[in-house]
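Q: Please find one structure pasted underneath; my questions will follow.
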Amino acid sequence: MESESLDVDVLIVGGGPAGLSAAIRLGQLQAQQGGEPLSIAVLEKAREAGAHMLSGAILDPSTLRDLMPDFREKGAPLASEVKRDRVYFLTHKARIPFPIIPPPLRNHGNVIISLNQFVRWLAEQAEGHGVDFFTGFAGQDVLTDGGRVIGVRTGDRGIGRNGERKAGFEPGVDIHAKVTIFCDGVRGNLTKELLRRFQLGRGRQPEQFAIGLKELWEVPAAASAKVGSLCDPTGQCWLGGPLSRTAPAPRDRLEPGTVMHSLGYPLRHDEFGGGFIYALPEGRLSVGFVAGLDYKDPLFDPHMAFNRFKRHPFVAGLLSGGQMVRYGAKALPEGGWNTIPQPYMDGALIAGDAGGFLNSMRLKGIHLAMRTGMLAAESAFEAIRAGDTSSAGLSRYQDKIDRSAVKAELYPVRNVHQAFGYGLFAGLAFAGLSLATRGRWVEDLHGHAGHERMKTLQWYYGPAFAEASAGKHATPAPSNATTIDRRMTFDKVTNVHFSGTAHDEDQPAHLLVHTDVCSSICGPEYGHPCTRFCPANVYEIVQEPSGPRLQINASNCVHCKTCDIMDPYAVITWVPPEGGGGPQYNGM
Amino acid sequence: MILVIAEQREGKLNRATWEAIVAAQQLAGGDALRIGVLGASAGAATQELAAAGVGEVLDVTDAALEPYTPDGYVLALAQVIGSTKPEVVALAHTYQARDFAPMLAARLNLPLITDVTGISGTGRQATFTRPMFQGKLAAEVKPAGGGPCLVTFQIGAFRADALKKGASPSPVTSTAVTIDRAAIRQTPDAPFQEARQAVDLGQAARIVAVGRGIKSQEHLPVAEKLARAMDAELAASRPICDSGWLPMERQIGSSGQTVAPKLYVALGISGAIQHLVGMKGSRTIVAINKDADAPIFEVADYGIVGDLFEIVPALVAELEK
């Protein structure tokens, strides 16, 4: 059956902050400048706007203000302004507050949001501009004509488990556009294809990633806590002074607007990452943990690190008696300025997380995604009006980025993430130095792709361990395993349930794995790290009489992309499942 | 003139035909319709259509039209369209129409507009609305060129109860066609009957469910014996069905069935939350598992910590006494 096709002027792939900001900006330019109306379409793989959106999230509202100065009147869902910042260094049992809050982590003027709700609102604004928003359609392939990107093909629907066409089969649709803006998020499947085909990363440093895990909690108010203090139910207070005996009504355990970040435990000094707790109104806490996808220990499990973080007495005190209501996981692009690929080519632009526009030192990317989305929209609009959507015509996008707040923010800290490759203390020292000198370095530091840093069992644990485990078929336990009580700490299967993820079971696996590697060399060399780095129990090693077999529970997938990034052999490819499948991050 | 092609099987009219007639009446703007009925024993359907009085019924009877084949229908309809010269040929968007209409359109080199949900205008000048991209867009389509145009109407888009019946029955005209049997390439088998009664776990009063603790497919009879002794249905948690040891329709949980029997016996099921949501409404839950910390014991009314391969045969022996 031949694909149906649709012609538009601008096609935006991905309905996140970058894609929707691009759509809104195009709508605005259209309204301001008139002329032949442009047709604008946005593709989004989630069933509804915002369903796959996951972030902490703290929004730097600078871009939003530029995009829509009247965002408050338009009802932007901003949960709470940041009222106080806390940064701690955690040890096994204790916590040491940072004497001053490092400037990049000062959130005065920023707001805590639910990215899910924020993006749903952005989608409404975009639709108000007459943008066609196609939810439930994933971009499957980049369409090219010679060296030019001419659009995207959406995935077929109604393909059965073994590749057969089911009764509801519908072939994918070819969407042709003068300019396609790729905003397919961190490790976007189409952007990955563009990077490979057009070598857009040439001369750039390898991309760097981390995985973020997050839970939304509802905690009961501590009965008599002083406003702004932090007390556990036993009455022990962590901050804000002694218990106030006279405080009348129950209050939130943490005042809404409180933002906490931690470094140190449960990570070792050569592992990048840390925890966060953001207090939302109505006793909701956003609790999360970020772990660099460049760890050396093949038995490290990021999900276990999150569990350990929650079991730290300081965090446990905040969560005790509460209930986990949602779970999610997503990779983040951490590499910074020097890892950003050339973001323009014949007929296409790249914006947002897909291009790596995230400030890992400030732990923020939403405003940069929105900014690059806006700049991409302006570049596309001008190029179409000028009748030149070639690489040269679209290269103005790079000029706009270079003159914008994006470069001003990212360039000075371009070496910081790479410095953390030398350990936590080197990273911190370097971060301080970067701030002091505004990043004037003679020579840039060089990073390595994270998955190449993972060591073999033999290297990390010595030949004795490797030999002992070689005979056994069982997957080795995570080195950072901790107690799972299903109250505060959860196994992955339980957590996955709370991600709301759902896929049609009768479809081919959307994780393409060269499984011969799994059954032959991966067990002895790395002990099947996919079973640990996947936060959703997609990968399972099943012992069979013939030996270990990789079982892929594809319907558990939360679309975080970690496997595509971190697999040490780079034999896992994430492709979009049938449109509409995936997590349901309501309120996240 | 609008020609509606009715769909019938052994004289029983497909209800969607009435919807196609309603759409055709709107398209005809008050003019009379013609309705073609194809088959070898379509008498009852022909009479039902004539009684409604919506327009002349063309009785196209030929032995070669039974059973239905796309080649037979295309040969017959090509002649009917050739002799009646309608502006529009209207069909319900049934499986049968989807089967032969594209071939008919290609054979006669006529436009075909499918799955139509709305009409504006009348006759050959009408504009048709049809969904595109899974209903995300509604396209307005006008047939190009001259000659008849084939249109299929989405089922449910036009209401059968909006039918404007005539005051008196319509005439039935016998319309002869010649069909060369040799030109029919398909030989249909007897209609497929669902051979096996599908299990309905939702109706079961007792369920014995097995999980990974059963270890291998050869051990399933252990659980089957218990199910038989208890007069219970056999069900499973996801890994069992994933491995193909039991069919998918016996899977309990968030990606399978949700059940609430009087008695639910879980054998070697750890009780992942995805399984629990499918069975926690059961009246009485009995769990047998080696792992005392398994979450299934949190919802079980009766729990036995132990080896199911020892306990289940003992239960069966006791039940069979």
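In the structure tokens, chains take the letters A, B, ... in the order shown, each chain's residues start at 1, and ligands count up from 1 in the order shown.
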Write out as a list in words which residues come within 9 Å of Thr284 of chain B when counting only C-alpha atoms, dropping same-chain ones fewer than 5 positions away.
A: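 Non-adjacent residues within range: Pro261, Lys262, Leu263, Tyr264, Val265, Ala300, Asp301 and Tyr302 of chain B.
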Q: Can you write just those residues out, C-alpha atoms, as a short mmCIF file (atom, residue, chain, number, x, y, z; two decimals), in the first residue's frame?
A:
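For reference, selection.cif as written:
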data_model
loop_
_atom_site.label_atom_id
_atom_site.label_comp_id
_atom_site.auth_asym_id
_atom_site.auth_seq_id
_atom_site.Cartn_x
_atom_site.Cartn_y
_atom_site.Cartn_z
CA PRO B 261 -13.96 -14.62 41.10
CA LYS B 262 -15.20 -16.04 44.39
CA LEU B 263 -11.94 -17.91 44.81
CA TYR B 264 -8.54 -17.10 43.32
CA VAL B 265 -5.64 -19.47 43.88
CA ALA B 300 -3.94 -12.91 50.13
CA ASP B 301 -6.59 -14.06 52.62
CA TYR B 302 -4.78 -17.37 52.99
#
Q: Using only C-alpha atoms, I'd like a table of the residues in chain B that come within 9 Å of chain A; for each, show the closest atom pair and its distance in Å rounded to one decimal, ordered by chain and ascending number, as a Markdown table.
A:
| residue | atom | partner | partner_atom | distance |
| --- | --- | --- | --- | --- |
| B:Phe133 | CA | A:Val173 | CA | 7.6 |
| B:Gln134 | CA | A:Glu170 | CA | 8.4 |
| B:Lys136 | CA | A:Phe134 | CA | 7.0 |
| B:Ser254 | CA | A:His497 | CA | 8.9 |
| B:Ser255 | CA | A:Glu505 | CA | 7.6 |
| B:Ala272 | CA | A:Thr494 | CA | 6.6 |
| B:Ile273 | CA | A:Thr494 | CA | 5.8 |
| B:Gln274 | CA | A:His497 | CA | 6.5 |
| B:Pro295 | CA | A:Arg486 | CA | 8.7 |
Q: Store the residues picked out above in a file with N, CA and C atoms, as a PDB file, in the first residue's frame.
A:
ATOM      1  N   PHE B 133      -5.844  10.464   7.985  1.00  0.00           N
ATOM      2  CA  PHE B 133      -4.895  10.353   9.090  1.00  0.00           C
ATOM      3  C   PHE B 133      -5.597   9.968  10.388  1.00  0.00           C
ATOM      4  N   GLN B 134      -6.287   8.840  10.338  1.00  0.00           N
ATOM      5  CA  GLN B 134      -6.955   8.321  11.524  1.00  0.00           C
ATOM      6  C   GLN B 134      -7.938   9.299  12.124  1.00  0.00           C
ATOM      7  N   LYS B 136      -7.812  12.489  12.164  1.00  0.00           N
ATOM      8  CA  LYS B 136      -7.263  13.758  12.660  1.00  0.00           C
ATOM      9  C   LYS B 136      -7.672  14.912  11.752  1.00  0.00           C
ATOM     10  N   SER B 254      -2.782  -6.031  34.326  1.00  0.00           N
ATOM     11  CA  SER B 254      -3.044  -4.757  33.660  1.00  0.00           C
ATOM     12  C   SER B 254      -2.977  -4.871  32.147  1.00  0.00           C
ATOM     13  N   SER B 255      -2.182  -5.806  31.623  1.00  0.00           N
ATOM     14  CA  SER B 255      -2.181  -5.962  30.164  1.00  0.00           C
ATOM     15  C   SER B 255      -3.007  -7.173  29.745  1.00  0.00           C
ATOM     16  N   ALA B 272       3.399  -8.965  41.393  1.00  0.00           N
ATOM     17  CA  ALA B 272       3.742  -7.629  40.889  1.00  0.00           C
ATOM     18  C   ALA B 272       2.446  -6.831  40.805  1.00  0.00           C
ATOM     19  N   ILE B 273       2.559  -5.540  40.989  1.00  0.00           N
ATOM     20  CA  ILE B 273       1.354  -4.701  41.057  1.00  0.00           C
ATOM     21  C   ILE B 273       0.518  -4.828  39.784  1.00  0.00           C
ATOM     22  N   GLN B 274       1.223  -5.070  38.654  1.00  0.00           N
ATOM     23  CA  GLN B 274       0.503  -5.227  37.385  1.00  0.00           C
ATOM     24  C   GLN B 274      -0.419  -6.447  37.411  1.00  0.00           C
ATOM     25  N   PRO B 295       4.971  -9.979  47.412  1.00  0.00           N
ATOM     26  CA  PRO B 295       3.853  -9.054  47.649  1.00  0.00           C
ATOM     27  C   PRO B 295       2.475  -9.696  47.540  1.00  0.00           C
TER      28      PRO B 295
END
Q: Would you give me, as a PyMOL selection string, the residues in segment 13-223 of chain B that DSSP reads as strand (DSSP E or B)?
A: chain B and resi 13+33-39+55-61+88-92+112-116+118-120+127-132+137-141+149-153+172-174+206-210
Q: Which residues are close to Leu435 of chain A, i.e. within 9 Å by only C-alpha atoms, leaving aside same-chain residues fewer than 2 positions away? Reply as a list in words.
A: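 Close residues of Leu435 of chain A: Pro103, Pro104, Pro412, Val413, Phe430, Ala431, Gly432, Leu433, Thr437, Arg438 and Gly439 of chain A.
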Q: Write the residues of the preceding selection, restricted to C-alpha atoms, as a CSV table (one decimal), in the first residue's frame.
A:
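The resulting file, out07.csv, is shown below:
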chain,number,residue,atom,x,y,z
A,103,PRO,CA,25.2,31.1,41.8
A,104,PRO,CA,24.1,28.6,39.1
A,412,PRO,CA,31.2,30.0,29.7
A,413,VAL,CA,30.4,26.6,31.3
A,430,PHE,CA,36.4,23.6,37.8
A,431,ALA,CA,32.8,24.9,38.0
A,432,GLY,CA,33.9,27.5,40.5
A,433,LEU,CA,36.8,28.5,38.3
A,437,THR,CA,36.8,33.6,34.8
A,438,ARG,CA,33.6,33.4,32.7
A,439,GLY,CA,35.1,30.3,31.0
Q: For segment 4-20 of chain B, find every residue with an atom within 7 Å (counting only C-alpha atoms), except residues of its own chain fewer than 4 positions away, and show them as a list in words.
A: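 Once the nearby chain positions are removed, what remains is Ala24, Arg34, Ile35, Gly36, Val37, Ser41, Ala42, Gly43, Ala44, Ala45, Val89, Ala90, Leu91, Ala92, Phe153, Ile155, Phe158, Arg159 and Ala160 of chain B.
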Q: Rounded to one decimal in Å, what is the spacing between atom CA of Gly253 of chain B and atom CA of Gly271 of chain B?
A: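 Taking atom CA of Gly253 of chain B and atom CA of Gly271 of chain B, their separation equals 10.0 Å.
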Q: Among segment 412-581 of chain A, which residues does DSSP mark as alpha helix (DSSP H) when it is run on the backbone? Keep the chain and numbering as in the structure and answer as number ranges by chain.
A: A: 416-420, 424-437, 450-453, 457-471, 492-499, 515-517, 523-526, 530-533, 562-566
Q: Mind pulling up the distance from atom CA of Asn537 of chain A to atom CA of Thr562 of chain A?
A: 12.1 Å
Q: With a distance cut-off of 9 Å and only C-alpha atoms, select the neighbouring residues of Leu293 of chain A, excluding the residue or stretch itself and same-chain residues fewer than 5 positions from it, and output the selection as a ChimeraX atom specification.
A: /A:208-211,271-272,302,331,450-451,533,562,565-566
Q: Do you know which residues are at most 10 Å from Leu246 of chain B counting only C-alpha atoms, after dropping those on the same chain fewer than 4 positions away, and could you put them as a PyMOL selection string?
A: chain B and resi 210+217+220+234-242+250-251
Q: Kindly save the residues from that selection, with N, CA and C atoms included, as a PDB file, in the first residue's frame.
A:
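Contents of result.pdb, freshly written:
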ATOM      1  N   VAL B 210      -1.302 -19.439  37.521  1.00  0.00           N
ATOM      2  CA  VAL B 210       0.095 -19.836  37.708  1.00  0.00           C
ATOM      3  C   VAL B 210       1.024 -18.710  37.288  1.00  0.00           C
ATOM      4  N   GLN B 217       7.064 -25.265  31.139  1.00  0.00           N
ATOM      5  CA  GLN B 217       5.776 -25.636  30.562  1.00  0.00           C
ATOM      6  C   GLN B 217       5.375 -27.059  30.938  1.00  0.00           C
ATOM      7  N   LEU B 220       2.972 -27.492  33.874  1.00  0.00           N
ATOM      8  CA  LEU B 220       1.617 -26.941  33.873  1.00  0.00           C
ATOM      9  C   LEU B 220       0.552 -27.949  34.325  1.00  0.00           C
ATOM     10  N   LEU B 234      -8.207 -22.123  34.398  1.00  0.00           N
ATOM     11  CA  LEU B 234      -6.768 -21.923  34.544  1.00  0.00           C
ATOM     12  C   LEU B 234      -6.399 -20.557  33.960  1.00  0.00           C
ATOM     13  N   ALA B 235      -5.623 -19.804  34.712  1.00  0.00           N
ATOM     14  CA  ALA B 235      -5.169 -18.490  34.228  1.00  0.00           C
ATOM     15  C   ALA B 235      -3.689 -18.356  34.562  1.00  0.00           C
ATOM     16  N   ALA B 236      -3.098 -17.212  34.200  1.00  0.00           N
ATOM     17  CA  ALA B 236      -1.664 -17.077  34.394  1.00  0.00           C
ATOM     18  C   ALA B 236      -1.269 -15.625  34.536  1.00  0.00           C
ATOM     19  N   SER B 237      -0.074 -15.420  35.071  1.00  0.00           N
ATOM     20  CA  SER B 237       0.496 -14.077  35.087  1.00  0.00           C
ATOM     21  C   SER B 237       1.252 -13.880  33.773  1.00  0.00           C
ATOM     22  N   ARG B 238       1.701 -12.679  33.574  1.00  0.00           N
ATOM     23  CA  ARG B 238       2.233 -12.306  32.274  1.00  0.00           C
ATOM     24  C   ARG B 238       3.387 -13.162  31.734  1.00  0.00           C
ATOM     25  N   PRO B 239       4.401 -13.475  32.550  1.00  0.00           N
ATOM     26  CA  PRO B 239       5.534 -14.213  31.973  1.00  0.00           C
ATOM     27  C   PRO B 239       5.123 -15.542  31.330  1.00  0.00           C
ATOM     28  N   ILE B 240       4.103 -16.182  31.896  1.00  0.00           N
ATOM     29  CA  ILE B 240       3.657 -17.480  31.376  1.00  0.00           C
ATOM     30  C   ILE B 240       3.075 -17.306  29.979  1.00  0.00           C
ATOM     31  N   CYS B 241       2.263 -16.263  29.815  1.00  0.00           N
ATOM     32  CA  CYS B 241       1.639 -16.033  28.514  1.00  0.00           C
ATOM     33  C   CYS B 241       2.656 -15.470  27.519  1.00  0.00           C
ATOM     34  N   ASP B 242       3.575 -14.654  28.028  1.00  0.00           N
ATOM     35  CA  ASP B 242       4.644 -14.133  27.171  1.00  0.00           C
ATOM     36  C   ASP B 242       5.464 -15.259  26.574  1.00  0.00           C
ATOM     37  N   ARG B 250      -5.696 -15.930  28.584  1.00  0.00           N
ATOM     38  CA  ARG B 250      -5.739 -16.404  29.968  1.00  0.00           C
ATOM     39  C   ARG B 250      -4.862 -15.561  30.884  1.00  0.00           C
ATOM     40  N   GLN B 251      -4.376 -14.453  30.381  1.00  0.00           N
ATOM     41  CA  GLN B 251      -3.499 -13.601  31.180  1.00  0.00           C
ATOM     42  C   GLN B 251      -4.306 -12.652  32.073  1.00  0.00           C
TER      43      GLN B 251
END
